[in-house]
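See structure below.
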Amino acid sequence: MKRWLKILLKVVAGLLVLIVLVWLGAAYYINHNNKTILNTILTQLNANVNGKIEVKSMETTLLKGFPGVAVSLRKVLLRDSLFKTHKHDLLNAADIDVSLNVFSLIVGNIKINKISINNANIYLYTDSNGYSNTSMFKKNTTGKSSEKDKKAFEIKRIDFNKVNLIVDNRRRFKLFHFLVDELNGKIDYPDSGWNGNIKLKTQVKSFAFNTKKGSFLEGKTLQGTLITHYNNERKEIVIEQKKLKIGEDEFLIGAKIDLAKNESPFAIDVRADNILYQNISLLLSPNISSKLLRFVIDKPIAIVGHIVDDGNKENKDPRIEVRIQVKDNGVTIPSGRLTNCSFTGTFTNKDTVNKPTGDRNSAIRFYTLRADYYNAPLKIDTFAITNLERPIAAGFITSQFPLEKLNSSIGGETFNFKGGTADVRLYCKTDIDNFKFVRPVLSGNVIIKNAEITYLPRNMRLVNSNLTLNFNHKDLSITKSRFQLGKSVLNMNCSIQNFLNFYYSAPEKIIVNLKMSSPTLSLSEFMSFLGPRKAIKKKPIVKNSANEVANQLAAVLEASKVNIQLNVNKAIYKHFMANNLKANISMLGDGIYFNKISISHAGGSLNLNGNIKQSGPINKFVINSIISKVNVKEFFYAFENFGQNSITSQNLKGYLSAKVNASGNITDKGSIVSRSMYGQVIFNLSNAALIGFEPLQRVQSFAFPNRDFKNITIPKLDGTLTLNGDKIDLQPMQVNTSVLNFNMKGIYGLSNGTDIALDIPLRNPKKNEGITDKEELKLARMKGIVLHLKAIDDGKGGIKIRWNGDHD
């Protein structure tokens, strides 16, 4: 056994010595014949190219190629025959190391084991007509290659170090630019083709399938190992789907390249199981990523992608298919925020097969989406955003939730919800302008039941509220609605045309038509509408946040115009009580307009129109009214004596008819500001009485001590009053009463400035009771002694009577 072992060792040692001798001999041979060998190589290569291959020098490098022999080629240049036209070298390398097979040298045939390209520029150029500088390599015109030729170009290993690689296709607007830091490849040659194992580290400067739209992977570093296979029969390169690091993220990437076709179509498959959505978006070209980045997904997701370039010059963009899986995540979308969100999402830029790829043919879809939208749970089977050039979103949305869930989102600043439920079933279709919803179209309804809703800007608390919001494309109607505000119960139907057209763009153009009815209405419950909206401390607006949605809703509610048709069986406001109230009211941006109001009050009726201009705690109002046969005592009591205390409900009896055209001020609590009224009152009193009226009682003490001025009956009185702030201008009028007849005119001051002329005949009116002829009664009225008096201020807040020496 020892003898055979010694023999084996001697054989092995002999072989090693033989290899070393052969290697040294080959090195010696190359070193002393490098020019001849270089010329042989260049002659062999130049014979097969349309262009020029230059090498400045070749040197032997012993250790690099062991057990083969290595040579180093300095300043290697490859140029096609049209270089002077396009000015792009196919290859310009400072150094190329070539490891040669020793035994191939012995038999006179050069075989390359390894090529290392160092500090080089490789530029694969195709012009707009389809000419490529790679065409410098002639094709075998016979269509056949000898086995010897094939073996001569079988390279076992290839290394790139610091190589600037550019693929520039002007015909199809493609630009691929890589700064290859390291590429180490091992290649085997089975009968079917070749197999490669390539270790890669490179920076992507450009990966543009369409230079007009930008690059994929720009600025990213690619690092990993590529397992490749080439099939001679199919002329197809397959890259197995293996781990490849792009930037800091790990992907599984595979590809297939079809070399049988002139345009070399390819497909790339990408998969990542745990990656941030934003990182994925940033890998795509700017025209795609700029749109996808309008969406934000908080936590990592799973993604599968497919990129296909079919080689069709009509399709300048590759086809991109992306599928993502999101589970229990937070998502920001153009219209707000989704939490606890799960869905399957897809993206394609070839939504319709027979149309070209691009933004116009792109679509984003969400399937089986489950999420909380501002705390309201949503369910969407399919939601799509199509045509990313002019995006349109569409989908069917369902949700059922307690309204209180909205308090921490769209509530809090505008609304507060307590109790009640919402049931949402809506089909939504909307344009997206700069990824904000505009001109939405909705079909379906939202049903709210048993809700307590407080509208905070006006501190209105609605209880036991039920309503159904019906969306019909761009219009909104509200039916089956019941609200309770304090003691008032309102039933309401509402229609709003073009509601969705103007919601975002022009809320001031929204016109709300309300039909409301109530068995009993307490008007004091609605006084908050007289004043400005209550200032609510708002949080800073954050894009796509809940407070942005709440502020938009509040703006719409305040800016929109509201027309109200109101029917009330019984209306109450402080002392005022009315029946059969019918009103046509408009609420516009600057105030409340009473277009037509008719009521039954105090045994008569009132018809009026006017407006209240809202400006703060004190508001301007204008009123035009026809009063028909109302009980004057009740009338003055109901309207709080119209802001004056000279003639009050305690002084009056009878029935009043009047035409009133007046303006004044009213507080945000609904009280008329004292001495603020201006305008005119034309009135008629019938079957009236003046009770305890101080100015006439002073006349009694002055001239008629024996007559009862405490209760003066007035069968009929016509007059005109001009209201002028704190003064009332009394137009000349004849007053016929139970105690005296008199004529009067002048100014009655509510605070000061009273100056009233009185012509009072001393004749007792009872003496005229038997006279029926009007002319005779007119003459008898002023018979006898006539007192000419004047009622003026006494300087102490009261009135004094004196003679009127300059009477008419």
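Just so we're on the same page: first chain in the structure tokens is A, next is B, and so on; residues restart at 1 for each chain, and ligands are numbered from 1 in the order they show up.
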
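Using only C-alpha atoms, the protein and nucleic acid residues lying no more than 8 Å from Phe251 of chain A, apart from those fewer than 5 places from it along its own chain, are Lys242, Lys243, Leu244, Lys245, Ile246, Val270, Arg271 and Ala272 of chain A.
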
Can those selected residues be exported to a file as a CSV table (one decimal), in the first residue's frame so that it contains N, CA, C and O atoms?
```csv
chain,number,residue,atom,x,y,z
A,242,LYS,N,-34.7,35.7,-8.2
A,242,LYS,CA,-33.9,35.5,-7.0
A,242,LYS,C,-33.8,36.8,-6.3
A,242,LYS,O,-34.3,37.9,-6.8
A,243,LYS,N,-33.3,36.8,-5.1
A,243,LYS,CA,-33.2,38.0,-4.3
A,243,LYS,C,-32.2,39.0,-4.9
A,243,LYS,O,-31.1,38.7,-5.3
A,244,LEU,N,-32.7,40.3,-4.9
A,244,LEU,CA,-31.9,41.4,-5.5
A,244,LEU,C,-32.2,42.6,-4.6
A,244,LEU,O,-33.4,42.9,-4.4
A,245,LYS,N,-31.2,43.2,-4.1
A,245,LYS,CA,-31.4,44.4,-3.2
A,245,LYS,C,-31.4,45.6,-4.1
A,245,LYS,O,-30.5,45.9,-4.8
A,246,ILE,N,-32.5,46.4,-3.9
A,246,ILE,CA,-32.6,47.7,-4.6
A,246,ILE,C,-32.6,48.8,-3.5
A,246,ILE,O,-33.6,48.9,-2.7
A,270,VAL,N,-41.4,41.2,-10.4
A,270,VAL,CA,-40.9,41.7,-9.2
A,270,VAL,C,-41.8,41.3,-8.1
A,270,VAL,O,-43.0,41.3,-8.2
A,271,ARG,N,-41.2,41.0,-6.9
A,271,ARG,CA,-42.0,40.6,-5.8
A,271,ARG,C,-41.3,41.1,-4.5
A,271,ARG,O,-40.1,41.0,-4.4
A,272,ALA,N,-42.1,41.7,-3.6
A,272,ALA,CA,-41.6,42.0,-2.3
A,272,ALA,C,-42.6,41.7,-1.2
A,272,ALA,O,-43.8,42.1,-1.4
```

- Task: Can you pull out every residue within 10 Å of Gly604 of chain A, counting only C-alpha atoms, but drop anything in the same chain fewer than 5 positions away, and send it as a count of residues only?
- Result: 12

- Task: Excluding Leu200 of chain A and residues on its chain fewer than 3 positions from it, collect all residues at most 10 Å away from it, counting only C-alpha atoms, and give them as number ranges by chain.
- Result: A: 159-160, 180-185, 197, 222-226, 244

- Task: Output as a ChimeraX atom specification all residues of segment 715-775 of chain A that backbone DSSP marks as strand (DSSP E or B).
- Result: /A:715-724,727-736,741-749,755-761

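Closest approach to Leu696 of chain A from the set A:Ile756, A:Ile364, A:Ile117, A:Leu730 is made by A:Ile756, with distances taken over only C-alpha atoms.
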
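Minimum atom-to-atom distance to Met677 of chain A, evaluated using only C-alpha atoms, belongs to A:Asp726 out of A:Glu508, A:Glu233, A:Asp726, A:Asp718.
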
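From atom CA of Asp708 of chain A back to atom CA of Ala780 of chain A, the distance works out to 21.5 Å.
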
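Among A:Leu721, A:Ile612, A:Ile53, A:Thr43, the residue with the shortest atom-to-atom distance to Lys659 of chain A, counting only C-alpha atoms, is A:Leu721.
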
- Skipping near chain neighbours, those fewer than 2 positions away, what residues fall within 12 Å of Pro519 of chain A using only C-alpha atoms, listed as a list in words? Gln484, Lys487, Ser488, Val489, Leu490, Asn491, Met516, Ser517, Leu521, Ser522, Leu566, Asn567, Val568, Asn569, Lys570, Ala571, Ile572, Ala578, Asn579, Asn580 and Leu581 of chain A

Can those selected residues be exported to a file as a compact mmCIF listing (two decimals), in the first residue's frame so that it contains N, CA and C atoms?
```txt
# COMPACT_ATOMS: atom_id res chain seq x y z
N GLN A 484 -86.16 67.62 16.39
CA GLN A 484 -86.74 68.31 17.54
C GLN A 484 -85.70 69.26 18.11
N LYS A 487 -88.61 72.53 22.28
CA LYS A 487 -89.99 72.06 22.26
C LYS A 487 -90.54 71.97 20.84
N SER A 488 -89.77 72.42 19.88
CA SER A 488 -90.25 72.46 18.50
C SER A 488 -89.94 71.15 17.79
N VAL A 489 -90.95 70.65 17.09
CA VAL A 489 -90.79 69.45 16.28
C VAL A 489 -90.98 69.83 14.82
N LEU A 490 -90.00 69.47 14.00
CA LEU A 490 -90.03 69.83 12.59
C LEU A 490 -90.00 68.58 11.73
N ASN A 491 -90.88 68.55 10.76
CA ASN A 491 -90.84 67.53 9.71
C ASN A 491 -90.37 68.23 8.43
N MET A 516 -90.92 72.59 5.24
CA MET A 516 -90.94 72.24 6.65
C MET A 516 -92.34 72.44 7.21
N SER A 517 -92.68 71.57 8.10
CA SER A 517 -93.97 71.70 8.79
C SER A 517 -93.78 71.34 10.26
N LEU A 521 -94.32 75.42 16.94
CA LEU A 521 -92.96 75.90 16.71
C LEU A 521 -92.65 77.02 17.69
N SER A 522 -91.58 76.83 18.45
CA SER A 522 -91.11 77.88 19.35
C SER A 522 -90.02 78.66 18.63
N LEU A 566 -92.50 77.10 4.93
CA LEU A 566 -92.79 76.69 6.29
C LEU A 566 -94.29 76.74 6.55
N ASN A 567 -94.82 75.65 7.10
CA ASN A 567 -96.22 75.59 7.51
C ASN A 567 -96.27 75.15 8.98
N VAL A 568 -96.84 76.02 9.82
CA VAL A 568 -96.86 75.75 11.26
C VAL A 568 -98.28 75.96 11.77
N ASN A 569 -98.76 74.98 12.51
CA ASN A 569 -100.11 75.12 13.10
C ASN A 569 -100.12 76.20 14.17
N LYS A 570 -99.09 76.19 15.01
CA LYS A 570 -99.04 77.16 16.09
C LYS A 570 -97.59 77.61 16.28
N ALA A 571 -97.38 78.94 16.27
CA ALA A 571 -96.04 79.49 16.45
C ALA A 571 -96.03 80.36 17.69
N ILE A 572 -94.95 80.25 18.48
CA ILE A 572 -94.82 80.98 19.73
C ILE A 572 -93.46 81.65 19.78
N ALA A 578 -99.27 82.76 17.33
CA ALA A 578 -99.93 82.84 16.03
C ALA A 578 -100.36 81.45 15.60
N ASN A 579 -101.36 81.42 14.73
CA ASN A 579 -101.85 80.17 14.16
C ASN A 579 -101.71 80.22 12.64
N ASN A 580 -101.67 79.04 12.05
CA ASN A 580 -101.64 78.92 10.59
C ASN A 580 -100.54 79.78 9.97
N LEU A 581 -99.35 79.62 10.51
CA LEU A 581 -98.20 80.35 9.96
C LEU A 581 -97.78 79.71 8.65
```
